[in-house]
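Novice: The following file, entry03.cif, comprises mmCIF, C-alpha atoms and all ligand atoms:
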data_entry
loop_
_atom_site.label_atom_id
_atom_site.label_comp_id
_atom_site.auth_asym_id
_atom_site.auth_seq_id
_atom_site.Cartn_x
_atom_site.Cartn_y
_atom_site.Cartn_z
CA MET A 281 13.28 -11.61 0.80
CA ASN A 282 12.15 -9.00 -1.69
CA SER A 283 12.98 -5.74 0.08
CA GLU A 284 12.10 -3.79 -3.07
CA ILE A 285 8.47 -4.31 -2.14
CA LEU A 286 9.08 -2.67 1.22
CA ARG A 287 11.07 0.17 -0.29
CA ARG A 288 8.31 0.91 -2.77
CA GLN A 289 5.42 0.50 -0.39
CA GLN A 290 3.09 3.46 0.07
CA ILE A 291 0.20 3.57 2.49
CA GLU A 292 -2.45 6.27 2.27
CA LEU A 293 -3.81 7.81 5.46
CA PRO A 294 -7.44 8.86 5.97
CA SER A 295 -7.87 12.50 7.05
CA TRP A 296 -10.72 11.42 9.32
CA ALA A 297 -8.46 9.28 11.47
CA PHE A 298 -7.09 12.50 12.96
CA GLY A 299 -10.45 13.97 13.96
CA ASN A 300 -12.58 13.03 16.93
CA SER A 301 -14.58 9.85 16.57
CA GLY A 302 -16.47 7.38 18.68
CA THR A 303 -19.26 4.87 18.66
CA ARG A 304 -22.96 5.57 18.32
CA PHE A 305 -22.94 5.93 22.10
CA LYS A 306 -20.27 8.60 22.53
CA VAL A 307 -17.69 10.60 20.63
CA PHE A 308 -14.76 11.24 22.93
CA THR A 309 -12.85 14.43 22.33
CA GLN A 310 -9.08 14.57 22.63
CA GLN A 311 -6.88 17.59 23.21
CA GLY A 312 -4.89 18.86 20.27
CA VAL A 313 -7.21 17.41 17.62
CA PRO A 314 -7.16 19.30 14.27
CA ARG A 315 -9.72 22.05 13.73
CA ASP A 316 -9.60 22.01 9.94
CA PRO A 317 -8.26 20.00 6.97
CA PHE A 318 -4.98 21.92 7.03
CA GLU A 319 -4.26 20.75 10.56
CA LYS A 320 -5.28 17.20 9.63
CA ILE A 321 -2.65 17.33 6.88
CA ASP A 322 -0.09 18.53 9.43
CA ASP A 323 -0.80 15.51 11.60
CA ALA A 324 -0.75 13.08 8.70
CA ALA A 325 2.62 14.51 7.68
CA GLN A 326 3.97 13.49 11.08
CA VAL A 327 3.08 9.89 10.34
CA HIS A 328 4.96 10.09 7.06
CA ARG A 329 7.87 11.82 8.71
CA TYR A 330 8.50 8.93 11.08
CA THR A 331 7.53 6.00 8.87
CA GLY A 332 8.59 7.26 5.44
CA VAL A 333 5.87 5.23 3.71
CA ALA A 334 2.72 7.32 4.15
CA PRO A 335 3.08 10.15 1.62
CA SER A 336 -0.59 10.76 0.80
CA VAL A 337 -3.78 11.70 2.60
CA ALA A 338 -7.30 10.75 1.55
CA LEU A 339 -10.00 13.39 1.91
CA HIS A 340 -13.67 12.96 2.78
CA ILE A 341 -16.03 15.48 1.24
CA PRO A 342 -17.77 17.41 2.86
CA TRP A 343 -15.74 16.79 6.05
CA ASP A 344 -12.69 18.24 4.33
CA ARG A 345 -14.43 20.87 2.25
CA VAL A 346 -12.25 23.99 1.83
CA GLU A 347 -12.54 27.18 -0.22
CA ASP A 348 -9.36 26.57 -2.13
CA TYR A 349 -8.24 22.99 -2.83
CA GLY A 350 -5.15 24.27 -4.61
CA ALA A 351 -4.10 25.90 -1.34
CA LEU A 352 -4.73 22.65 0.54
CA ALA A 353 -2.65 20.73 -2.01
CA ALA A 354 0.13 23.32 -1.72
CA HIS A 355 0.00 23.06 2.06
CA ALA A 356 0.29 19.28 1.80
CA ALA A 357 3.32 19.62 -0.48
CA GLU A 358 4.96 21.98 2.01
CA GLN A 359 4.48 19.33 4.67
CA GLY A 360 6.00 16.66 2.43
CA VAL A 361 2.78 14.82 1.58
CA ARG A 362 0.13 14.97 -1.14
CA LEU A 363 -3.64 14.71 -1.42
CA GLY A 364 -4.92 11.30 -2.43
CA THR A 365 -8.26 9.57 -2.86
CA ILE A 366 -11.43 11.64 -2.66
CA ASN A 367 -14.11 9.88 -0.62
CA ALA A 368 -17.68 10.94 -1.29
CA ASN A 369 -20.17 11.29 1.50
CA VAL A 370 -23.85 10.90 0.71
CA PHE A 371 -24.93 9.57 4.07
CA GLN A 372 -25.18 12.49 6.46
CA ASP A 373 -28.13 14.50 5.25
CA ASP A 374 -31.76 14.18 6.33
CA ASP A 375 -32.70 13.79 2.68
CA TYR A 376 -30.81 10.48 2.59
CA ARG A 377 -33.07 8.69 5.09
CA LEU A 378 -34.17 6.26 2.35
CA GLY A 379 -30.89 6.33 0.51
CA SER A 380 -28.93 8.59 -1.80
CA VAL A 381 -28.37 7.47 -5.41
CA ALA A 382 -30.83 4.58 -4.95
CA ASN A 383 -33.47 6.67 -3.18
CA PRO A 384 -36.99 6.23 -4.60
CA ASP A 385 -37.31 10.04 -4.86
CA PRO A 386 -35.72 11.35 -8.08
CA ASP A 387 -35.00 14.74 -6.48
CA VAL A 388 -32.90 13.12 -3.78
CA ARG A 389 -31.08 11.06 -6.39
CA LYS A 390 -30.33 14.24 -8.28
CA LYS A 391 -28.96 15.88 -5.16
CA ALA A 392 -26.72 12.87 -4.41
CA LEU A 393 -25.43 12.83 -7.96
CA ALA A 394 -24.64 16.53 -7.76
CA HIS A 395 -22.49 15.78 -4.72
CA LEU A 396 -20.65 13.03 -6.56
CA PHE A 397 -19.99 15.45 -9.41
CA GLU A 398 -18.71 17.97 -6.89
CA CYS A 399 -16.27 15.30 -5.70
CA VAL A 400 -14.98 14.90 -9.25
CA ASP A 401 -14.49 18.69 -9.38
CA VAL A 402 -12.46 18.38 -6.18
CA MET A 403 -10.38 15.63 -7.79
CA ASP A 404 -9.71 17.91 -10.74
CA ALA A 405 -8.49 20.61 -8.34
CA THR A 406 -6.39 18.31 -6.17
CA GLY A 407 -5.05 16.13 -8.96
CA SER A 408 -6.47 13.02 -7.28
CA ARG A 409 -6.67 9.81 -9.25
CA ASP A 410 -9.38 7.99 -7.33
CA LEU A 411 -12.98 8.66 -6.40
CA LYS A 412 -14.04 6.24 -3.70
CA LEU A 413 -17.75 5.61 -3.42
CA TRP A 414 -19.35 4.03 -0.43
CA PHE A 415 -23.12 4.16 -0.19
CA ALA A 416 -25.09 3.83 3.03
CA ASP A 417 -28.04 2.98 0.79
CA GLY A 418 -30.25 0.03 1.51
CA THR A 419 -33.43 -1.00 3.29
CA ASN A 420 -34.33 -2.03 6.82
CA TYR A 421 -37.45 -4.05 6.17
CA PRO A 422 -38.56 -6.63 3.61
CA GLY A 423 -40.88 -4.96 1.14
CA GLN A 424 -39.66 -1.46 1.99
CA ASP A 425 -38.43 -0.86 -1.56
CA SER A 426 -37.74 -2.84 -4.71
CA ILE A 427 -34.33 -4.52 -4.50
CA ARG A 428 -34.23 -4.73 -8.28
CA GLU A 429 -35.15 -1.10 -8.94
CA ARG A 430 -32.64 0.14 -6.41
CA GLN A 431 -29.96 -1.67 -8.41
CA ASP A 432 -31.18 0.09 -11.57
CA ARG A 433 -31.04 3.50 -9.88
CA LEU A 434 -27.58 2.77 -8.53
CA ALA A 435 -26.32 1.65 -11.94
CA GLU A 436 -27.67 4.80 -13.55
CA ALA A 437 -25.87 7.06 -11.05
CA LEU A 438 -22.62 5.13 -11.31
CA ALA A 439 -22.70 5.38 -15.09
CA ALA A 440 -23.23 9.15 -14.90
CA VAL A 441 -20.28 9.56 -12.52
CA TYR A 442 -18.07 7.29 -14.58
CA ALA A 443 -18.82 9.31 -17.71
CA ARG A 444 -17.82 12.48 -15.89
CA LEU A 445 -14.35 11.15 -14.94
CA GLY A 446 -11.19 12.11 -16.79
CA GLN A 447 -9.07 9.52 -18.59
CA ASP A 448 -6.64 9.25 -15.67
CA GLN A 449 -9.30 9.08 -13.00
CA ARG A 450 -10.86 5.96 -11.53
CA LEU A 451 -14.10 5.07 -9.81
CA ILE A 452 -13.55 2.82 -6.82
CA LEU A 453 -16.69 1.12 -5.53
CA GLU A 454 -16.72 -0.07 -1.93
CA TYR A 455 -19.07 -2.68 -0.54
CA LYS A 456 -20.30 -3.34 2.96
CA LEU A 457 -22.37 -6.22 4.26
CA PHE A 458 -24.64 -4.28 6.58
CA GLU A 459 -24.97 -1.00 8.44
CA PRO A 460 -26.55 1.44 8.38
CA ALA A 461 -29.15 -0.56 6.48
CA PHE A 462 -29.92 -3.85 8.18
CA TYR A 463 -32.02 -5.83 5.75
CA THR A 464 -30.41 -5.07 2.39
CA MET A 465 -27.43 -2.92 1.52
CA ASP A 466 -27.43 -1.91 -2.15
CA VAL A 467 -23.73 -2.84 -2.48
CA PRO A 468 -23.37 -5.54 0.18
CA ASP A 469 -20.55 -7.64 -1.22
CA TRP A 470 -17.68 -7.90 -3.67
CA GLY A 471 -19.84 -9.67 -6.23
CA THR A 472 -22.29 -6.78 -6.48
CA ALA A 473 -19.44 -4.25 -6.62
CA PHE A 474 -17.66 -6.36 -9.22
CA ALA A 475 -20.77 -6.65 -11.40
CA HIS A 476 -21.29 -2.89 -11.41
CA CYS A 477 -17.60 -2.23 -12.11
CA LEU A 478 -17.56 -4.72 -14.98
CA GLN A 479 -20.49 -2.95 -16.56
CA LEU A 480 -18.93 0.48 -16.09
CA GLY A 481 -15.59 -0.25 -17.69
CA GLU A 482 -11.85 -0.45 -17.33
CA ARG A 483 -11.42 2.41 -14.86
CA ALA A 484 -13.99 1.14 -12.37
CA LYS A 485 -12.54 -1.05 -9.63
CA VAL A 486 -13.52 -2.57 -6.33
CA CYS A 487 -12.40 -1.46 -2.87
CA VAL A 488 -11.96 -4.14 -0.23
CA ASP A 489 -12.55 -2.65 3.22
CA THR A 490 -11.34 -5.41 5.48
CA GLY A 491 -13.97 -4.60 8.12
CA HIS A 492 -16.94 -4.98 5.80
CA HIS A 493 -17.44 -8.73 5.73
CA ALA A 494 -19.34 -11.35 7.66
CA PRO A 495 -17.37 -13.08 10.41
CA GLY A 496 -15.31 -15.92 8.98
CA THR A 497 -15.24 -14.56 5.42
CA ASN A 498 -12.08 -15.57 3.57
CA ILE A 499 -10.97 -12.10 2.50
CA GLU A 500 -7.75 -13.28 0.85
CA PHE A 501 -9.84 -15.38 -1.52
CA ILE A 502 -11.77 -12.29 -2.60
CA VAL A 503 -8.48 -10.44 -3.05
CA ALA A 504 -7.08 -13.24 -5.21
CA VAL A 505 -10.19 -13.35 -7.41
CA LEU A 506 -10.36 -9.57 -7.86
CA LEU A 507 -6.67 -9.36 -8.67
CA ARG A 508 -7.00 -12.10 -11.23
CA ALA A 509 -9.81 -10.17 -12.89
CA GLY A 510 -7.83 -6.89 -12.80
CA LYS A 511 -10.55 -5.36 -10.65
CA LEU A 512 -8.91 -4.78 -7.29
CA GLY A 513 -8.65 -1.00 -7.01
CA ALA A 514 -8.04 -0.29 -3.36
CA PHE A 515 -7.93 -1.47 0.20
CA ASP A 516 -9.45 0.21 3.21
CA PHE A 517 -7.44 -1.44 5.94
CA ASN A 518 -8.69 -1.80 9.48
CA SER A 519 -9.45 -4.54 12.00
CA ARG A 520 -12.69 -5.97 13.19
CA PHE A 521 -13.61 -8.27 16.00
CA TYR A 522 -17.36 -8.18 15.43
CA ALA A 523 -18.74 -5.68 12.92
CA ASP A 524 -17.25 -2.65 11.18
CA ASP A 525 -15.07 -1.88 14.19
CA ASP A 526 -12.54 0.36 12.35
CA LEU A 527 -9.78 -0.65 14.75
CA ILE A 528 -6.06 -0.60 14.04
CA VAL A 529 -5.20 -2.86 11.10
CA GLY A 530 -3.47 -6.05 12.15
CA ALA A 531 -4.64 -5.68 15.75
CA ALA A 532 -7.44 -8.24 15.61
CA ASP A 533 -5.87 -10.73 13.25
CA PRO A 534 -2.31 -10.15 12.04
CA PHE A 535 -2.34 -13.57 10.39
CA GLN A 536 -5.28 -12.60 8.22
CA LEU A 537 -3.48 -9.42 7.18
CA PHE A 538 -0.46 -11.53 6.24
CA ARG A 539 -2.61 -13.90 4.20
CA ILE A 540 -4.23 -11.00 2.38
CA LEU A 541 -0.89 -9.36 1.59
CA PHE A 542 0.54 -12.65 0.45
CA GLU A 543 -2.27 -12.91 -2.13
CA VAL A 544 -1.52 -9.33 -3.14
CA ARG A 545 2.07 -10.35 -3.76
CA VAL A 546 1.12 -13.48 -5.70
CA GLY A 547 -1.35 -11.49 -7.80
CA GLY A 548 1.22 -8.85 -8.75
CA GLY A 549 -0.27 -6.19 -6.50
CA PHE A 550 3.18 -5.16 -5.27
CA ASP A 551 4.67 -4.95 -8.75
CA ASP A 552 6.12 -1.72 -10.08
CA ASP A 553 3.11 -1.01 -12.26
CA SER A 554 0.50 -1.93 -9.64
CA GLU A 555 -2.24 0.65 -9.25
CA ILE A 556 -3.72 -0.65 -6.04
CA ALA A 557 -4.32 2.07 -3.45
CA PHE A 558 -3.34 0.78 -0.03
CA MET A 559 -5.35 2.93 2.31
CA LEU A 560 -6.16 2.90 5.98
CA ASP A 561 -9.78 3.50 6.99
CA GLN A 562 -9.79 3.67 10.74
CA CYS A 563 -11.02 5.64 13.71
CA HIS A 564 -9.03 6.04 16.90
CA ASN A 565 -11.81 6.48 19.42
CA ILE A 566 -9.87 6.04 22.66
CA GLU A 567 -6.20 5.94 21.68
CA PRO A 568 -4.13 8.95 20.54
CA LYS A 569 -4.54 9.40 16.82
CA ILE A 570 -1.10 10.12 15.37
CA PRO A 571 0.61 7.20 17.17
CA GLY A 572 -2.44 5.11 16.27
CA GLN A 573 -1.75 5.78 12.62
CA ILE A 574 2.00 5.17 13.02
CA ARG A 575 1.27 1.81 14.64
CA SER A 576 -1.15 0.94 11.81
CA VAL A 577 1.38 1.77 9.11
CA MET A 578 3.97 -0.36 10.91
CA ASN A 579 1.53 -3.25 11.15
CA VAL A 580 0.96 -3.17 7.38
CA GLN A 581 4.71 -2.99 6.83
CA GLU A 582 5.33 -5.97 9.10
CA ALA A 583 2.70 -8.08 7.37
CA THR A 584 4.08 -7.03 3.98
CA ALA A 585 7.61 -7.98 5.04
CA LYS A 586 6.39 -11.42 6.13
CA ALA A 587 4.45 -11.85 2.88
CA SER A 588 7.54 -11.00 0.88
CA LEU A 589 9.61 -13.47 2.91
CA VAL A 590 7.60 -16.43 1.67
CA ASP A 591 9.91 -18.65 -0.37
CA SER A 592 7.85 -18.84 -3.56
CA ASP A 593 10.06 -21.46 -5.22
CA ALA A 594 9.82 -23.79 -2.24
CA LEU A 595 6.10 -23.13 -2.00
CA ARG A 596 5.51 -23.89 -5.67
CA ALA A 597 7.59 -27.06 -5.47
CA ALA A 598 5.67 -28.27 -2.44
CA GLN A 599 2.34 -27.42 -4.08
CA ALA A 600 3.29 -29.23 -7.29
CA ALA A 601 4.35 -32.28 -5.29
CA GLY A 602 1.07 -32.31 -3.40
CA ASP A 603 3.02 -31.80 -0.20
CA VAL A 604 0.25 -30.24 1.88
CA LEU A 605 2.17 -29.86 5.11
CA GLY A 606 5.36 -28.78 3.35
CA ALA A 607 3.53 -26.01 1.51
CA HIS A 608 1.76 -24.87 4.65
CA GLY A 609 5.11 -24.95 6.45
CA VAL A 610 6.69 -22.61 3.91
CA LEU A 611 3.96 -20.07 4.55
CA MET A 612 4.16 -20.40 8.33
CA ASP A 613 7.94 -20.08 8.35
CA ALA A 614 7.58 -16.65 6.77
CA TYR A 615 4.72 -15.64 9.05
CA ASN A 616 6.61 -16.68 12.17
CA THR A 617 9.72 -14.70 11.30
CA ASP A 618 10.35 -11.63 13.45
CA VAL A 619 10.70 -8.95 10.78
CA ARG A 620 11.04 -6.03 13.15
CA PRO A 621 14.88 -5.93 13.07
CA LEU A 622 14.78 -6.05 9.29
CA LEU A 623 12.38 -3.11 9.11
CA ALA A 624 14.43 -1.19 11.66
CA ASP A 625 17.50 -1.66 9.45
CA LEU A 626 15.58 -0.55 6.39
CA ARG A 627 14.49 2.62 8.18
CA SER A 628 18.02 3.40 9.32
CA GLU A 629 19.22 2.89 5.79
CA GLN A 630 16.68 5.51 4.67
CA GLY A 631 17.76 7.99 7.31
CA LEU A 632 14.74 7.35 9.51
CA ASP A 633 14.68 6.49 13.18
CA PRO A 634 14.46 2.69 13.49
CA ASP A 635 11.66 3.10 16.06
CA PRO A 636 8.97 5.45 14.66
CA MET A 637 6.74 5.26 17.75
CA ALA A 638 9.54 6.31 20.08
CA ALA A 639 10.84 8.95 17.69
CA TYR A 640 7.39 10.55 17.45
CA ALA A 641 6.93 10.44 21.23
CA ARG A 642 10.30 12.18 21.70
CA SER A 643 9.54 14.85 19.11
CA GLY A 644 7.28 16.88 21.42
CA TYR A 645 4.70 17.30 18.60
CA ALA A 646 1.88 15.85 20.71
CA GLU A 647 2.50 18.36 23.51
CA ARG A 648 2.83 21.18 21.02
CA ILE A 649 -0.53 20.64 19.35
CA VAL A 650 -2.23 20.39 22.74
CA ALA A 651 -0.73 23.75 23.69
CA GLU A 652 -1.32 25.43 20.34
CA ARG A 653 -4.71 24.16 19.22
CA VAL A 654 -6.83 26.05 21.67
CA GLY A 655 -10.24 27.36 20.64
CA GLY A 656 -12.06 26.69 17.40
CA ASN A 657 -14.10 23.63 16.58
CA GLN A 658 -12.37 20.28 16.62
CA ALA A 659 -12.86 18.13 13.54
CA GLY A 660 -14.99 15.05 13.94
CA TRP A 661 -17.81 13.14 12.37
CA GLY A 662 -20.00 15.55 10.51
CA ALA A 663 -17.67 18.46 11.16
C1 LIG A 701 -17.84 3.63 5.80
C2 LIG A 701 -16.84 3.20 4.74
C3 LIG A 701 -16.14 4.33 4.08
C4 LIG A 701 -15.68 5.37 5.06
C5 LIG A 701 -16.81 5.77 5.98
C6 LIG A 701 -16.35 6.78 7.02
O1 LIG A 701 -18.23 2.57 6.59
O2 LIG A 701 -15.90 2.33 5.31
O3 LIG A 701 -15.01 3.88 3.39
O4 LIG A 701 -15.27 6.47 4.33
O5 LIG A 701 -17.30 4.63 6.64
MN MN A 702 -14.06 2.02 4.14
#
Reformat the file's structure so that it appears as structure tokens.
Specialist:
Amino acid sequence: MNSEILRRQQIELPSWAFGNSGTRFKVFTQQGVPRDPFEKIDDAAQVHRYTGVAPSVALHIPWDRVEDYGALAAHAAEQGVRLGTINANVFQDDDYRLGSVANPDPDVRKKALAHLFECVDVMDATGSRDLKLWFADGTNYPGQDSIRERQDRLAEALAAVYARLGQDQRLILEYKLFEPAFYTMDVPDWGTAFAHCLQLGERAKVCVDTGHHAPGTNIEFIVAVLLRAGKLGAFDFNSRFYADDDLIVGAADPFQLFRILFEVRVGGGFDDDSEIAFMLDQCHNIEPKIPGQIRSVMNVQEATAKASLVDSDALRAAQAAGDVLGAHGVLMDAYNTDVRPLLADLRSEQGLDPDPMAAYARSGYAERIVAERVGGNQAGWGA
């Protein structure tokens, strides 16, 4: 067991997981939800406080737009966390009906690009390393627009953003099979994202959002291939049963999460010098948000612990001998190990409560924010 991996592990939380969210049918509000990015940071800091492995918070611009990003970064530091990836948002404006950077109208493209530049300015102010780009761009109907020309427009915008980045900053391109566009998405899959990143250069990498694939897709294969090519930049972890469900990671298929994290281990993604951003991208529509994030972090930790338990020597020997069932058995032995006591010990060793969920529940924080956060506008989609 390589407990170094677990000691080093860092999982980034999405600010939007703490705001109100829902489906396209209803956004349910919850009491005590943050009213601004500062309060989102406060909530994220609680997750770090009880898990010890979630020291950074990703922002979504404009949802987390503030006057003074230095002040937000200072507030995060006071709470024991830091600001992480900046996620651009070019999908919530009427102008983007036919797309943002791939829109047929050059004025709309210009507007979208200006927003992406603004995000780089935010990165400069927050000290963030990564700009994560997800585009809702695409078409709904065959013939609606030129697939080929949309790729050209996209490539042009990506190149402009890439050129604007500092030497220590990265462009992380995320793909998604469908939604909101239903016929073609402009970046539907890892191959398209990979091709654009290859063309851009060294500091352009792919983000694998685990909810963005067709049912049955072998995500660990994609992870292995991207790692081999040095192009895996980040994960957006979540679970899906059907589409982009954004449920708690490891809830739908803990075995898949294990398989993915095992490939990360094999590909060196847990090494000291690894630059992979392990992020959550989730929405807690019906469950309480802070415990939802704590549970998610614990699920990633458990799958990581199991992945690091795999006896690589035994596995390699079995593989070399063509021992199919032996090799499979080595993997399953690790997966079927109950790693919860081990993680509880590790937490105790680090001065944390062995049971983060119970410790948070006992803390009274949930009751306090309900009592204190009265009035104002709760954060949520579009807020
Ligand atoms: C998208 C994508 C992005 C996330 C937004 C909220 O589907 O997953 O990563 O920032 O949703
Ligand atoms: Mn995502």
Novice: Neighbours of range 311-319 of chain A within 7 Å (all atoms listed in the file; same-chain residues fewer than 2 positions away dropped), as a list in words?
Specialist: Phe298, Gly299, Asn300, Thr309, Ile321, Asp322, Asp323, Asp344, Leu352, Ile649, Val650, Arg653, Gly656, Asn657, Gln658 and Ala659 of chain A
Novice: Neighbouring residues of ligand MN 702 (chain A) are defined here as those with any atom at most 7 Å from a ligand atom, counting all atoms listed in the file; list them as JSON, numbers by chain.
Specialist: {"A": [454, 489, 516, 561]}
Novice: Compile a residue-level contact table for range 465-571 of chain A against range 334-341 of chain A at a cut-off of 10 Å, reporting for every qualifying residue the shortest atom pair and its distance in Å to one decimal, with only C-alpha atoms counted, rows ordered by chain and ascending number, as JSON lines.
Specialist:
{"residue": "A:Phe558", "atom": "CA", "partner": "A:Ala334", "partner_atom": "CA", "distance": 9.8}
{"residue": "A:Met559", "atom": "CA", "partner": "A:Ala338", "partner_atom": "CA", "distance": 8.1}
{"residue": "A:Leu560", "atom": "CA", "partner": "A:Ala338", "partner_atom": "CA", "distance": 9.1}
{"residue": "A:Asp561", "atom": "CA", "partner": "A:Ala338", "partner_atom": "CA", "distance": 9.4}
Novice: Go ahead and compute the interatomic distance for CA of Arg304 in chain A and CA of His564 in chain A, in Å to one decimal.
Specialist: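 It comes out at 14.0 Å.
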Novice: Do a neighbour search on Ala514 in chain A at 8 Å with only C-alpha atoms, toss out local chain neighbours closer than 3 positions, and write the hits as an MDAnalysis selection string.
Specialist: chainID A and resid 452 485:488 556:559
Novice: Kindly indicate which residue among A:Gln536, A:Asn367, A:Thr331, A:Thr406 lies nearest to ligand LIG 701 (chain A), using all atoms listed in the file for the distances.
Specialist: A:Asn367
Novice: What's the separation between CA of Asp469 in chain A and CA of His493 in chain A, in Å to one decimal place?
Specialist: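 Separating CA of Asp469 in chain A from CA of His493 in chain A is a distance of 7.7 Å.
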Novice: For Arg444 in chain A, which residue among A:Leu507, A:Leu396, A:Ala416, A:Ile566 is the nearest when counting all atoms listed in the file?
Specialist: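 For Arg444 in chain A, the nearest of the given residues is A:Leu396.
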Novice: Would you list the contacts of Glu459 in chain A as a ChimeraX atom specification, taking every protein, DNA or RNA residue within 12 Å and counting all atoms listed in the file, but skipping same-chain residues closer than 4 positions in sequence?
Specialist: /A:371,414-420,455,463-468,491-494,523-525
Novice: So that I have them on file, write out the residues from the current selection with C-alpha atoms, as a PDB file, in the coordinates of the input.
Specialist:
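To be explicit, this is the file written out as part.pdb:
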ATOM      1  CA  PHE A 371     -24.930   9.570   4.070  1.00  0.00           C
ATOM      2  CA  TRP A 414     -19.350   4.030  -0.430  1.00  0.00           C
ATOM      3  CA  PHE A 415     -23.120   4.160  -0.190  1.00  0.00           C
ATOM      4  CA  ALA A 416     -25.090   3.830   3.030  1.00  0.00           C
ATOM      5  CA  ASP A 417     -28.040   2.980   0.790  1.00  0.00           C
ATOM      6  CA  GLY A 418     -30.250   0.030   1.510  1.00  0.00           C
ATOM      7  CA  THR A 419     -33.430  -1.000   3.290  1.00  0.00           C
ATOM      8  CA  ASN A 420     -34.330  -2.030   6.820  1.00  0.00           C
ATOM      9  CA  TYR A 455     -19.070  -2.680  -0.540  1.00  0.00           C
ATOM     10  CA  TYR A 463     -32.020  -5.830   5.750  1.00  0.00           C
ATOM     11  CA  THR A 464     -30.410  -5.070   2.390  1.00  0.00           C
ATOM     12  CA  MET A 465     -27.430  -2.920   1.520  1.00  0.00           C
ATOM     13  CA  ASP A 466     -27.430  -1.910  -2.150  1.00  0.00           C
ATOM     14  CA  VAL A 467     -23.730  -2.840  -2.480  1.00  0.00           C
ATOM     15  CA  PRO A 468     -23.370  -5.540   0.180  1.00  0.00           C
ATOM     16  CA  GLY A 491     -13.970  -4.600   8.120  1.00  0.00           C
ATOM     17  CA  HIS A 492     -16.940  -4.980   5.800  1.00  0.00           C
ATOM     18  CA  HIS A 493     -17.440  -8.730   5.730  1.00  0.00           C
ATOM     19  CA  ALA A 494     -19.340 -11.350   7.660  1.00  0.00           C
ATOM     20  CA  ALA A 523     -18.740  -5.680  12.920  1.00  0.00           C
ATOM     21  CA  ASP A 524     -17.250  -2.650  11.180  1.00  0.00           C
ATOM     22  CA  ASP A 525     -15.070  -1.880  14.190  1.00  0.00           C
TER      23      ASP A 525
END
Novice: Could you tell me how far CA of Gln310 in chain A sits from CA of Lys569 in chain A, in Å to one decimal place?
Specialist: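 CA of Gln310 in chain A lies 9.0 Å from CA of Lys569 in chain A.
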Novice: Please determine, counting all atoms listed in the file, which residue among A:Ile285, A:Ile499, A:Leu453, A:Ala437 has the shortest atom-to-atom distance to Ala484 in chain A.
Specialist: A:Leu453
Novice: Could you tell me which of A:Arg433, A:Arg450, A:Lys306, A:Lys456 comes closest to ligand LIG 701 (chain A) if we count all atoms listed in the file?
Specialist: A:Lys456
